[in-house]
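Here is upload_29.cif, consisting of mmCIF, C-alpha atoms and all ligand atoms:
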data_my_file
#
loop_
_atom_site.label_atom_id
_atom_site.label_comp_id
_atom_site.auth_asym_id
_atom_site.auth_seq_id
_atom_site.Cartn_x
_atom_site.Cartn_y
_atom_site.Cartn_z
CA MET A 1 72.98 25.68 147.07
CA PRO A 2 71.64 28.87 145.52
CA SER A 3 73.83 31.87 146.06
CA VAL A 4 72.31 34.62 148.19
CA PRO A 5 72.43 38.14 146.72
CA PRO A 6 72.53 40.94 149.32
CA GLY A 7 69.15 41.34 150.96
CA GLY A 8 67.87 37.95 149.87
CA GLU A 9 67.44 34.58 151.57
CA PRO A 10 67.77 31.24 149.76
CA ALA A 11 64.62 30.30 147.84
CA PRO A 12 63.27 26.78 148.51
CA ALA A 13 64.10 24.20 145.82
CA ASP A 14 60.42 23.33 145.34
CA GLY A 15 59.50 27.01 144.79
CA ALA A 16 56.91 26.94 147.63
CA LEU A 17 55.57 30.29 148.90
CA PRO A 18 54.47 31.14 152.45
CA ALA A 19 50.69 30.72 152.85
CA SER A 20 50.39 34.46 153.61
CA ALA A 21 51.59 35.28 150.07
CA LEU A 22 48.66 33.37 148.59
CA ASP A 23 46.03 35.27 150.61
CA GLY A 24 43.95 37.36 148.24
CA LEU A 25 45.59 35.88 145.14
CA GLY A 26 43.24 36.55 142.23
CA THR A 27 41.70 39.63 143.88
CA ARG A 28 44.66 41.73 142.69
CA PRO A 29 45.71 42.02 139.02
CA PHE A 30 47.78 38.98 138.03
CA GLY A 31 50.39 39.13 135.28
CA VAL A 32 52.85 36.71 133.72
CA TYR A 33 56.22 38.00 132.54
CA VAL A 34 58.38 35.79 130.31
CA HIS A 35 62.04 36.69 129.89
CA VAL A 36 63.60 35.82 126.52
CA PRO A 37 67.38 35.99 127.10
CA PHE A 38 68.64 36.03 123.50
CA CYS A 39 69.87 38.81 121.20
CA ALA A 40 71.52 38.77 117.78
CA THR A 41 74.17 41.24 119.00
CA ARG A 42 74.59 43.24 122.19
CA CYS A 43 73.95 46.99 122.02
CA GLY A 44 76.80 48.90 123.66
CA TYR A 45 74.57 50.57 126.30
CA CYS A 46 72.63 47.49 127.44
CA ASP A 47 73.29 45.49 130.61
CA PHE A 48 70.10 43.41 130.54
CA ASN A 49 70.28 39.66 131.14
CA THR A 50 70.68 38.68 127.51
CA TYR A 51 73.17 36.63 125.49
CA THR A 52 74.29 36.29 121.90
CA ALA A 53 74.84 32.85 120.34
CA SER A 54 78.58 33.38 120.65
CA ASP A 55 78.28 34.36 124.36
CA LEU A 56 76.58 30.98 124.85
CA GLY A 57 78.97 29.05 122.58
CA LEU A 58 76.03 28.00 120.37
CA THR A 59 76.13 26.98 116.70
CA PRO A 60 73.03 26.42 114.54
CA SER A 61 73.24 22.68 115.31
CA SER A 62 73.45 22.96 119.11
CA THR A 63 69.69 22.59 119.74
CA ASP A 64 70.25 20.15 122.64
CA ASP A 65 72.64 22.46 124.44
CA PRO A 66 71.15 23.49 127.83
CA ALA A 67 71.70 27.14 126.86
CA SER A 68 69.86 26.83 123.51
CA PRO A 69 66.51 28.48 122.76
CA ALA A 70 64.96 24.98 122.52
CA SER A 71 66.13 24.09 126.06
CA TRP A 72 64.98 27.51 127.28
CA LEU A 73 61.47 26.83 125.92
CA GLU A 74 61.40 23.40 127.55
CA GLY A 75 62.56 24.98 130.83
CA LEU A 76 59.92 27.70 130.51
CA ARG A 77 57.14 25.14 130.11
CA ARG A 78 58.39 23.38 133.24
CA GLU A 79 58.58 26.65 135.20
CA LEU A 80 55.04 27.66 134.22
CA ASP A 81 53.75 24.25 135.35
CA LEU A 82 55.65 24.63 138.62
CA ALA A 83 54.12 28.11 139.04
CA ALA A 84 50.62 26.73 138.59
CA ARG A 85 51.30 24.05 141.28
CA VAL A 86 52.85 26.54 143.71
CA LEU A 87 49.92 28.94 143.35
CA GLY A 88 47.39 26.17 144.03
CA GLU A 89 44.48 27.46 142.02
CA PRO A 90 46.38 29.72 139.66
CA PRO A 91 44.44 32.83 138.63
CA ASP A 92 43.87 33.48 134.94
CA ALA A 93 46.48 35.86 133.62
CA ASP A 94 45.07 39.38 133.13
CA THR A 95 48.23 40.36 131.28
CA VAL A 96 51.15 38.53 129.66
CA PHE A 97 54.38 40.32 128.71
CA LEU A 98 57.32 38.84 126.80
CA GLY A 99 60.44 40.91 127.35
CA GLY A 100 64.06 40.52 126.63
CA GLY A 101 66.43 40.22 125.14
CA THR A 102 64.77 40.01 121.77
CA PRO A 103 61.53 37.98 121.79
CA SER A 104 61.05 38.53 118.04
CA LEU A 105 64.11 36.27 117.47
CA LEU A 106 61.86 33.34 118.51
CA GLY A 107 59.87 33.80 115.30
CA ALA A 108 56.11 33.32 115.00
CA GLU A 109 56.34 29.66 115.96
CA GLY A 110 58.30 30.32 119.15
CA LEU A 111 56.09 33.25 120.21
CA THR A 112 52.98 31.12 119.63
CA ALA A 113 54.48 28.26 121.66
CA VAL A 114 55.19 30.61 124.59
CA LEU A 115 51.63 31.96 124.66
CA ASP A 116 50.23 28.42 124.37
CA ALA A 117 52.36 27.41 127.38
CA VAL A 118 51.06 30.34 129.46
CA ARG A 119 47.49 29.54 128.39
CA SER A 120 47.78 25.89 129.36
CA SER A 121 49.36 26.56 132.79
CA PHE A 122 47.29 29.57 133.88
CA GLY A 123 44.44 30.27 131.53
CA LEU A 124 43.94 33.73 130.06
CA ALA A 125 41.34 36.12 131.49
CA PRO A 126 38.71 37.53 129.12
CA GLY A 127 40.16 40.65 127.46
CA VAL A 128 43.71 39.60 128.34
CA GLU A 129 46.48 41.98 127.23
CA VAL A 130 49.34 40.07 125.58
CA THR A 131 52.43 42.10 124.73
CA THR A 132 55.68 41.11 123.12
CA GLU A 133 58.76 43.25 122.85
CA ALA A 134 60.41 43.14 119.44
CA ASN A 135 63.30 44.61 117.48
CA PRO A 136 62.52 46.15 114.08
CA GLU A 137 65.11 44.11 112.16
CA SER A 138 63.65 40.76 113.26
CA THR A 139 59.96 41.63 112.89
CA THR A 140 58.25 40.96 109.55
CA PRO A 141 54.62 41.49 108.44
CA ASP A 142 54.20 37.67 108.40
CA LEU A 143 55.37 37.38 111.99
CA LEU A 144 52.97 40.16 113.01
CA ALA A 145 50.00 38.51 111.28
CA ALA A 146 50.82 35.15 112.90
CA ILE A 147 51.14 36.52 116.43
CA ALA A 148 47.94 38.55 116.10
CA ASP A 149 46.25 35.26 115.15
CA ALA A 150 47.85 33.49 118.09
CA GLY A 151 46.33 35.98 120.56
CA TYR A 152 48.92 38.73 120.98
CA THR A 153 47.25 42.13 121.34
CA ARG A 154 50.18 44.53 121.73
CA LEU A 155 53.64 45.11 120.25
CA SER A 156 56.40 47.02 122.04
CA LEU A 157 59.11 47.95 119.61
CA GLY A 158 62.65 49.10 120.41
CA MET A 159 62.96 52.15 118.16
CA GLN A 160 65.26 54.30 120.37
CA SER A 161 65.74 56.97 117.67
CA ASP A 162 64.99 57.58 114.01
CA VAL A 163 68.31 59.30 113.33
CA ASP A 164 71.21 57.47 111.74
CA HIS A 165 74.12 58.79 113.81
CA VAL A 166 72.19 58.28 117.08
CA LEU A 167 71.34 54.67 116.19
CA ALA A 168 75.04 54.19 115.36
CA VAL A 169 76.20 55.43 118.79
CA LEU A 170 73.68 53.03 120.37
CA ASP A 171 74.97 50.12 118.20
CA ARG A 172 71.45 49.47 116.95
CA ARG A 173 71.15 47.30 113.87
CA HIS A 174 68.07 48.90 112.31
CA THR A 175 68.04 51.96 110.09
CA PRO A 176 65.84 55.08 110.28
CA GLY A 177 62.31 54.34 109.09
CA ALA A 178 62.42 50.65 110.02
CA ALA A 179 60.58 50.98 113.36
CA VAL A 180 57.90 53.19 111.82
CA ALA A 181 57.30 50.66 109.04
CA VAL A 182 56.97 47.80 111.55
CA ALA A 183 54.61 49.85 113.76
CA GLN A 184 52.38 50.55 110.75
CA ALA A 185 52.48 46.87 109.74
CA ALA A 186 51.51 45.88 113.30
CA ARG A 187 48.34 47.98 113.12
CA GLU A 188 47.57 46.50 109.68
CA ALA A 189 48.08 42.99 111.11
CA GLY A 190 45.34 43.70 113.66
CA LEU A 191 47.36 44.21 116.83
CA ASP A 192 45.31 46.53 119.07
CA HIS A 193 48.16 48.58 120.52
CA VAL A 194 51.70 49.51 119.53
CA ASN A 195 54.36 51.03 121.77
CA LEU A 196 57.58 52.60 120.57
CA ASP A 197 60.53 52.78 123.02
CA LEU A 198 62.68 55.89 122.69
CA ILE A 199 65.97 56.74 124.36
CA TYR A 200 66.90 60.43 124.72
CA GLY A 201 70.19 61.98 125.78
CA THR A 202 72.41 59.74 123.66
CA PRO A 203 75.84 61.37 123.16
CA THR A 204 75.82 63.45 119.94
CA GLU A 205 71.98 63.62 119.85
CA THR A 206 70.66 67.18 119.43
CA ASP A 207 67.25 68.65 120.31
CA ASP A 208 66.40 68.55 116.60
CA ASP A 209 67.38 64.87 116.33
CA LEU A 210 64.96 64.09 119.15
CA ARG A 211 62.22 66.15 117.47
CA ARG A 212 62.76 64.19 114.23
CA SER A 213 62.39 60.91 116.11
CA LEU A 214 59.20 62.14 117.75
CA GLU A 215 57.78 63.21 114.39
CA ALA A 216 58.48 59.69 113.12
CA VAL A 217 56.70 58.21 116.15
CA LEU A 218 53.66 60.37 115.45
CA ALA A 219 53.60 59.29 111.78
CA SER A 220 53.71 55.61 112.74
CA GLY A 221 50.23 55.16 114.24
CA ALA A 222 51.71 53.97 117.56
CA ASP A 223 49.37 54.74 120.47
CA HIS A 224 51.96 54.47 123.25
CA VAL A 225 55.47 55.81 123.81
CA SER A 226 58.03 54.97 126.49
CA ALA A 227 60.93 57.44 126.63
CA TYR A 228 63.88 56.90 128.94
CA SER A 229 67.04 58.94 129.27
CA LEU A 230 70.11 56.91 128.36
CA ILE A 231 71.67 55.35 131.45
CA VAL A 232 75.39 54.69 131.19
CA GLU A 233 75.51 51.29 132.89
CA GLU A 234 78.78 50.23 134.50
CA GLY A 235 80.64 47.51 132.64
CA THR A 236 79.09 48.27 129.23
CA ALA A 237 80.96 49.17 126.04
CA LEU A 238 79.26 52.58 126.19
CA ALA A 239 80.62 53.23 129.70
CA ARG A 240 84.13 52.40 128.46
CA ARG A 241 83.77 54.82 125.54
CA VAL A 242 82.53 57.58 127.84
CA ALA A 243 85.38 56.89 130.31
CA ARG A 244 87.94 57.12 127.47
CA GLY A 245 86.51 60.53 126.56
CA GLU A 246 85.35 59.32 123.12
CA LEU A 247 81.74 60.29 123.78
CA PRO A 248 80.44 63.31 125.74
CA MET A 249 77.50 62.77 128.08
CA PRO A 250 74.79 65.46 128.14
CA ASP A 251 74.40 67.19 131.49
CA ASP A 252 71.25 67.07 133.63
CA ASP A 253 69.91 70.38 132.28
CA VAL A 254 70.05 69.06 128.72
CA LEU A 255 68.28 65.87 129.80
CA ALA A 256 65.55 67.92 131.51
CA ASP A 257 65.09 69.96 128.30
CA ARG A 258 64.84 66.75 126.28
CA TYR A 259 62.18 65.35 128.63
CA GLU A 260 60.20 68.56 128.15
CA ILE A 261 60.52 68.26 124.36
CA VAL A 262 59.10 64.70 124.55
CA ASP A 263 56.24 65.81 126.78
CA ASP A 264 55.45 68.89 124.64
CA VAL A 265 55.52 67.16 121.25
CA LEU A 266 53.52 64.16 122.45
CA GLY A 267 51.13 66.38 124.41
CA ARG A 268 50.37 68.50 121.34
CA ALA A 269 49.59 65.30 119.42
CA GLY A 270 47.03 64.14 122.01
CA PHE A 271 49.20 61.83 124.11
CA SER A 272 49.17 62.16 127.91
CA TRP A 273 51.66 60.94 130.43
CA TYR A 274 50.37 58.25 132.82
CA GLU A 275 53.73 57.32 134.34
CA VAL A 276 56.80 59.58 134.39
CA SER A 277 58.35 57.83 131.34
CA ASN A 278 55.19 56.60 129.60
CA TRP A 279 52.62 58.35 127.41
CA ALA A 280 49.45 56.97 125.77
CA SER A 281 46.98 58.38 123.28
CA SER A 282 43.97 57.08 125.28
CA GLU A 283 43.28 55.24 128.54
CA ALA A 284 42.76 52.03 126.59
CA ALA A 285 46.29 52.33 125.20
CA ARG A 286 47.96 52.32 128.64
CA CYS A 287 50.01 49.20 129.33
CA ARG A 288 47.99 47.23 131.88
CA HIS A 289 50.88 44.90 132.58
CA ASN A 290 53.15 47.72 133.71
CA LEU A 291 50.27 49.32 135.64
CA GLY A 292 50.13 46.04 137.58
CA TYR A 293 53.80 46.45 138.57
CA TRP A 294 53.22 50.05 139.65
CA SER A 295 50.11 49.31 141.71
CA GLY A 296 51.47 46.44 143.82
CA GLY A 297 49.86 43.67 141.74
CA ASP A 298 51.03 40.05 141.62
CA TRP A 299 53.11 38.67 138.80
CA TRP A 300 55.05 35.53 138.05
CA GLY A 301 58.24 36.26 136.14
CA ALA A 302 59.41 33.17 134.25
CA GLY A 303 62.74 32.72 132.49
CA PRO A 304 66.40 33.32 133.36
CA GLY A 305 66.93 36.27 135.71
CA ALA A 306 63.19 37.09 135.83
CA HIS A 307 61.81 38.73 138.98
CA SER A 308 58.45 37.84 140.55
CA HIS A 309 56.19 39.34 143.20
CA VAL A 310 53.29 37.57 144.86
CA GLY A 311 51.61 38.86 148.03
CA GLY A 312 54.67 40.62 149.47
CA VAL A 313 57.22 37.94 148.50
CA ARG A 314 59.71 38.94 145.85
CA TRP A 315 62.09 36.47 144.24
CA TRP A 316 64.39 36.25 141.25
CA ASN A 317 65.66 33.43 139.06
CA VAL A 318 69.19 32.32 138.24
CA ARG A 319 70.49 34.39 135.34
CA HIS A 320 72.28 31.99 133.01
CA PRO A 321 70.09 30.13 130.47
CA ALA A 322 72.01 26.84 130.88
CA ARG A 323 71.70 26.88 134.67
CA TYR A 324 68.03 27.77 134.34
CA SER A 325 67.13 24.89 132.04
CA LYS A 326 69.25 22.39 134.01
CA LEU A 327 67.56 23.20 137.34
CA LEU A 328 64.13 22.77 135.79
CA ALA A 329 65.15 19.53 134.03
CA ALA A 330 66.18 18.25 137.48
CA GLY A 331 62.70 19.12 138.83
CA GLU A 332 63.90 22.10 140.87
CA SER A 333 62.73 25.70 141.00
CA PRO A 334 64.97 28.16 139.13
CA ALA A 335 64.52 30.74 141.92
CA GLU A 336 67.89 31.88 143.24
CA ALA A 337 66.85 33.93 146.26
CA ARG A 338 63.89 35.81 147.70
CA GLU A 339 62.83 38.58 150.05
CA LEU A 340 59.79 38.67 152.30
CA LEU A 341 58.76 42.32 152.35
CA GLY A 342 57.72 43.71 155.75
CA PRO A 343 55.16 46.53 156.15
CA GLY A 344 57.92 49.20 156.08
CA GLU A 345 59.41 47.91 152.82
CA ARG A 346 55.98 47.58 151.22
CA HIS A 347 55.19 51.17 152.19
CA VAL A 348 58.43 52.49 150.64
CA GLU A 349 57.78 50.52 147.47
CA GLN A 350 54.21 51.81 147.24
CA VAL A 351 55.37 55.43 147.58
CA LEU A 352 58.20 55.06 145.04
CA LEU A 353 56.02 53.39 142.40
CA GLU A 354 52.63 55.08 142.81
CA LEU A 355 54.06 58.59 142.97
CA ARG A 356 55.39 58.13 139.41
CA THR A 357 51.86 57.59 138.05
CA VAL A 358 49.37 60.23 136.93
CA ASP A 359 46.92 59.23 139.69
CA GLY A 360 49.68 59.66 142.24
CA LEU A 361 49.48 58.49 145.80
CA ALA A 362 46.89 58.93 148.57
CA VAL A 363 48.15 61.47 151.11
CA SER A 364 46.62 59.21 153.76
CA ALA A 365 49.26 56.58 152.86
CA LEU A 366 52.05 58.89 154.10
CA ASP A 367 53.42 59.06 157.63
CA ASP A 368 53.95 62.39 159.45
CA ASP A 369 57.44 62.98 158.00
CA GLY A 370 56.18 62.08 154.52
CA ARG A 371 53.27 64.52 154.84
CA ALA A 372 55.57 67.32 155.98
CA ALA A 373 57.82 66.61 152.96
CA GLY A 374 54.72 66.60 150.74
CA GLU A 375 53.64 70.02 152.08
CA ARG A 376 57.06 71.41 151.18
CA ALA A 377 57.00 69.75 147.73
CA ALA A 378 53.53 71.22 147.04
CA ALA A 379 54.73 74.68 148.17
CA ASP A 380 57.78 74.30 145.87
CA GLY A 381 55.60 73.42 142.88
CA LEU A 382 56.80 69.81 142.66
CA LEU A 383 53.41 68.37 143.67
CA SER A 384 50.13 69.72 142.31
CA GLY A 385 48.56 72.03 144.95
CA PRO A 386 44.89 71.29 144.12
CA ASP A 387 45.52 67.52 144.11
CA TRP A 388 47.44 67.72 147.39
CA ARG A 389 44.56 69.62 149.03
CA GLY A 390 42.19 67.00 147.57
CA GLY A 391 44.14 64.21 149.27
CA ARG A 392 46.48 63.01 146.50
CA ALA A 393 50.19 63.53 145.91
CA VAL A 394 50.51 64.06 142.15
CA LEU A 395 53.70 65.26 140.47
CA THR A 396 53.69 68.48 138.44
CA ARG A 397 55.82 68.51 135.30
CA ARG A 398 58.69 70.06 137.25
CA GLY A 399 58.12 67.36 139.87
CA ARG A 400 58.35 64.66 137.18
CA LEU A 401 61.86 65.90 136.36
CA LEU A 402 62.83 65.33 139.99
CA ALA A 403 60.55 62.34 140.62
CA ASP A 404 63.06 60.12 142.42
CA GLY A 405 64.06 62.80 144.91
CA VAL A 406 60.45 63.78 145.65
CA ALA A 407 59.48 60.11 146.10
CA ILE A 408 62.34 59.48 148.52
CA SER A 409 61.39 62.53 150.59
CA LEU A 410 57.78 61.27 150.81
CA THR A 411 58.93 57.93 152.21
CA GLY A 412 60.02 59.94 155.25
CA ALA A 413 63.69 59.02 154.63
C1 LIG B 501 66.22 45.76 127.19
S1 LIG B 501 65.30 46.23 125.79
C2 LIG B 501 64.51 44.76 125.34
C3 LIG B 501 63.69 44.89 124.08
C4 LIG B 501 64.43 44.98 122.77
N1 LIG B 501 65.52 44.11 122.67
C5 LIG B 501 64.91 46.39 122.52
O1 LIG B 501 66.07 46.62 122.50
O2 LIG B 501 64.03 47.22 122.39
C6 LIG B 501 63.95 47.20 126.42
C7 LIG B 501 64.20 48.67 126.45
O3 LIG B 501 65.11 48.98 127.48
C8 LIG B 501 65.65 50.25 127.22
N2 LIG B 501 67.05 50.27 127.68
C9 LIG B 501 67.94 49.26 127.75
N3 LIG B 501 69.12 49.68 128.25
C10 LIG B 501 68.97 51.01 128.51
C11 LIG B 501 69.84 52.02 129.02
N4 LIG B 501 71.10 51.75 129.36
N5 LIG B 501 69.35 53.28 129.16
C12 LIG B 501 68.07 53.55 128.82
N6 LIG B 501 67.21 52.65 128.31
C13 LIG B 501 67.64 51.39 128.16
C14 LIG B 501 65.53 50.49 125.72
O4 LIG B 501 64.69 51.59 125.50
C15 LIG B 501 64.86 49.25 125.22
O5 LIG B 501 63.94 49.57 124.23
S1 LIG B 502 68.53 44.39 121.42
FE1 LIG B 502 67.55 45.15 123.33
S2 LIG B 502 67.97 43.58 124.88
FE2 LIG B 502 69.33 43.16 123.13
S3 LIG B 502 71.23 44.13 123.67
FE3 LIG B 502 70.04 45.64 122.48
S4 LIG B 502 68.84 46.83 124.01
FE4 LIG B 502 69.65 45.00 125.04
#

Could I get this file's structure written as structure tokens?
Ligand SMILES: C[S@@+](CC[C@H](N)C(=O)[O-])C[C@H]1O[C@@H](n2cnc3c(N)ncnc32)[C@H](O)[C@@H]1O
Ligand code: SF4
Amino acid sequence: MPSVPPGGEPAPADGALPASALDGLGTRPFGVYVHVPFCATRCGYCDFNTYTASDLGLTPSSTDDPASPASWLEGLRRELDLAARVLGEPPDADTVFLGGGTPSLLGAEGLTAVLDAVRSSFGLAPGVEVTTEANPESTTPDLLAAIADAGYTRLSLGMQSDVDHVLAVLDRRHTPGAAVAVAQAAREAGLDHVNLDLIYGTPTETDDDLRRSLEAVLASGADHVSAYSLIVEEGTALARRVARGELPMPDDDVLADRYEIVDDVLGRAGFSWYEVSNWASSEAARCRHNLGYWSGGDWWGAGPGAHSHVGGVRWWNVRHPARYSKLLAAGESPAEARELLGPGERHVEQVLLELRTVDGLAVSALDDDGRAAGERAAADGLLSGPDWRGGRAVLTRRGRLLADGVAISLTGA
């Protein structure tokens, strides 16, 4: 029996969805997310569902092991076929996103095999956006040329910083300059769009370190930047170092200043924010896959620990790669549990996600308490006054710094 995380109910073994979830399928954006749960080493700050070969007890010869990348790929093919059956007439994918873990560890052959599997189960819509995440140290010009040929259109690279001592605190394996070189090679290989992920607020990072990283981003030709403040996740090596007093954490004022540095430097270079933590140099460079998440679209998340959402049903897969591939080999769905979202939960989710975007949220979507909170937020300069009077709740820059609190107040909570 699948275990039931808090808030979830057991997911059926055949993966079936209630008929109501399939209403309108194909009229909303449809995305496919593929989770690649492998990394060469674990960065000290990361608590994502990812495993090193030694975590999984794998050696180079253990290709048949249920936790191996080969078994994962076999399981993935089975899950995508199951998805196509469950969805009846599966829509073409508007967007495909490989995340991890470290998808670039699959190499060109593995990345091509994954996209072929998505194409054969779902079909790809004309103009499909196909993104893969990648780490600089496992991404070569040959790999980039091969994936551009295979149909990938976008690379999302984990840069985090371009400063040696910051990369060292984060346990990253690449050196300064490496991410910039890969981003440039990606444009030369013909990929349409390149994102660089930055982390700010790492212990020991200074304002000038962050400015240096941003200058490197601007020199790279990337047309998209995601910048997140470092979260000290419980149970990570970083959390233990902070608890032992080895590393100081910056306070909230420093983090707010860093966010403003990111926004100022990128803004001067022609980038605009379109979600609180995401900037693009043009509308075409925005990540359509993530926009689908933020606008209540449908997506099937395949792979260990992946989350899915179709028509108000949200479910998530078992996390361990061996358990994942074994369930699929036995003809069962890898879904561990699911939630059927009621109108109240869907409303809260809509407010929390849409408010973070540059288009904001329709004031008409708010209840009376939410509108009263919005009036106060507009008077306090957290929501743009002209937009509010025009019927939209749109965060000001000060509002972006306090986005979670403003969003919660607008839910009427
Ligand atoms: C989980 S990684 C997967 C892709 C790739 N392996 C990498 O490291 O870039 C995706 C992004 O999540 C972000 N991330 C992971 N853990 C984080 C944390 N504790 N705080 C802030 N950002 C984090 C990093 O910016 C990273 O680029
Ligand atoms: S490479 Fe990426 S996914 Fe892997 S441990 Fe580091 S941050 Fe996490």

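Considering the residues A:Gly267, A:Gly57, A:Gly101, A:Pro12 and counting only C-alpha atoms and all ligand atoms, ligand LIG 502 (chain B) has its shortest atom-to-atom contact with A:Gly101.
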
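The list of residues with at least one atom within 6 Å of Tyr33 in chain A, based on all atoms listed in the file and without residues fewer than 3 positions apart in the same chain, reads Val96, Phe97, Leu98 and Gly301 of chain A.
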
Please tell me which residues are no farther than 10 Å from (54.4, 26.0, 134.5) in the file, counting all atoms listed in the file, and write them as a compact mmCIF listing (two decimals) with C-alpha atoms, in the frame of the given file.
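Ended up saving to selection_35.txt:
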# COMPACT_ATOMS: atom_id res chain seq x y z
CA GLY A 75 62.56 24.98 130.83
CA LEU A 76 59.92 27.70 130.51
CA ARG A 77 57.14 25.14 130.11
CA ARG A 78 58.39 23.38 133.24
CA GLU A 79 58.58 26.65 135.20
CA LEU A 80 55.04 27.66 134.22
CA ASP A 81 53.75 24.25 135.35
CA LEU A 82 55.65 24.63 138.62
CA ALA A 83 54.12 28.11 139.04
CA ALA A 84 50.62 26.73 138.59
CA ARG A 85 51.30 24.05 141.28
CA VAL A 86 52.85 26.54 143.71
CA ALA A 117 52.36 27.41 127.38
CA VAL A 118 51.06 30.34 129.46
CA ARG A 119 47.49 29.54 128.39
CA SER A 120 47.78 25.89 129.36
CA SER A 121 49.36 26.56 132.79
CA PHE A 122 47.29 29.57 133.88
CA ALA A 302 59.41 33.17 134.25

Residues within 6 Å of ligand LIG 501 (chain B) should be enumerated using all atoms listed in the file and returned as a PyMOL selection string. chain A and resi 45-46+48+99-102+133-135+157-158+160+197-199+228-233

Grab the residues selected above and save them as a PDB file, in the frame of the given file with C-alpha atoms.
ATOM      1  CA  TYR A  45      74.570  50.570 126.300  1.00  0.00           C
ATOM      2  CA  CYS A  46      72.630  47.490 127.440  1.00  0.00           C
ATOM      3  CA  PHE A  48      70.100  43.410 130.540  1.00  0.00           C
ATOM      4  CA  GLY A  99      60.440  40.910 127.350  1.00  0.00           C
ATOM      5  CA  GLY A 100      64.060  40.520 126.630  1.00  0.00           C
ATOM      6  CA  GLY A 101      66.430  40.220 125.140  1.00  0.00           C
ATOM      7  CA  THR A 102      64.770  40.010 121.770  1.00  0.00           C
ATOM      8  CA  GLU A 133      58.760  43.250 122.850  1.00  0.00           C
ATOM      9  CA  ALA A 134      60.410  43.140 119.440  1.00  0.00           C
ATOM     10  CA  ASN A 135      63.300  44.610 117.480  1.00  0.00           C
ATOM     11  CA  LEU A 157      59.110  47.950 119.610  1.00  0.00           C
ATOM     12  CA  GLY A 158      62.650  49.100 120.410  1.00  0.00           C
ATOM     13  CA  GLN A 160      65.260  54.300 120.370  1.00  0.00           C
ATOM     14  CA  ASP A 197      60.530  52.780 123.020  1.00  0.00           C
ATOM     15  CA  LEU A 198      62.680  55.890 122.690  1.00  0.00           C
ATOM     16  CA  ILE A 199      65.970  56.740 124.360  1.00  0.00           C
ATOM     17  CA  TYR A 228      63.880  56.900 128.940  1.00  0.00           C
ATOM     18  CA  SER A 229      67.040  58.940 129.270  1.00  0.00           C
ATOM     19  CA  LEU A 230      70.110  56.910 128.360  1.00  0.00           C
ATOM     20  CA  ILE A 231      71.670  55.350 131.450  1.00  0.00           C
ATOM     21  CA  VAL A 232      75.390  54.690 131.190  1.00  0.00           C
ATOM     22  CA  GLU A 233      75.510  51.290 132.890  1.00  0.00           C
TER      23      GLU A 233
END

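Proximity ranking of A:Pro66, A:Gly201, A:Gly235, A:Pro37 relative to ligand LIG 502 (chain B) places A:Pro37 first, based on all atoms listed in the file.
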
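If you measure from each of A:Cys39, A:Ile147, A:Leu340, A:Arg319 to Asp116 in chain A using only C-alpha atoms, the closest one turns out to be A:Ile147.
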
Please tell me which residues are no farther than 8 Å from (45.4, 38.2, 139.9) in the file, counting all atoms listed in the file, and write them as a PyMOL selection string. chain A and resi 25-31+91-94+297-299

So the first atom is CA of Gly107 in chain A and the second is CA of Ser138 in chain A; what is the distance between them in Å, to one decimal place? 8.2 Å

Using all atoms listed in the file, the shortest atom-to-atom distance to ligand LIG 502 (chain B) among A:Val225, A:Leu170, A:Pro126, A:Ala21 belongs to A:Leu170

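Taking only C-alpha atoms into account, Ser68 in chain A lies nearest to A:His320 out of the set A:Arg42, A:Arg258, A:Arg187, A:His320.
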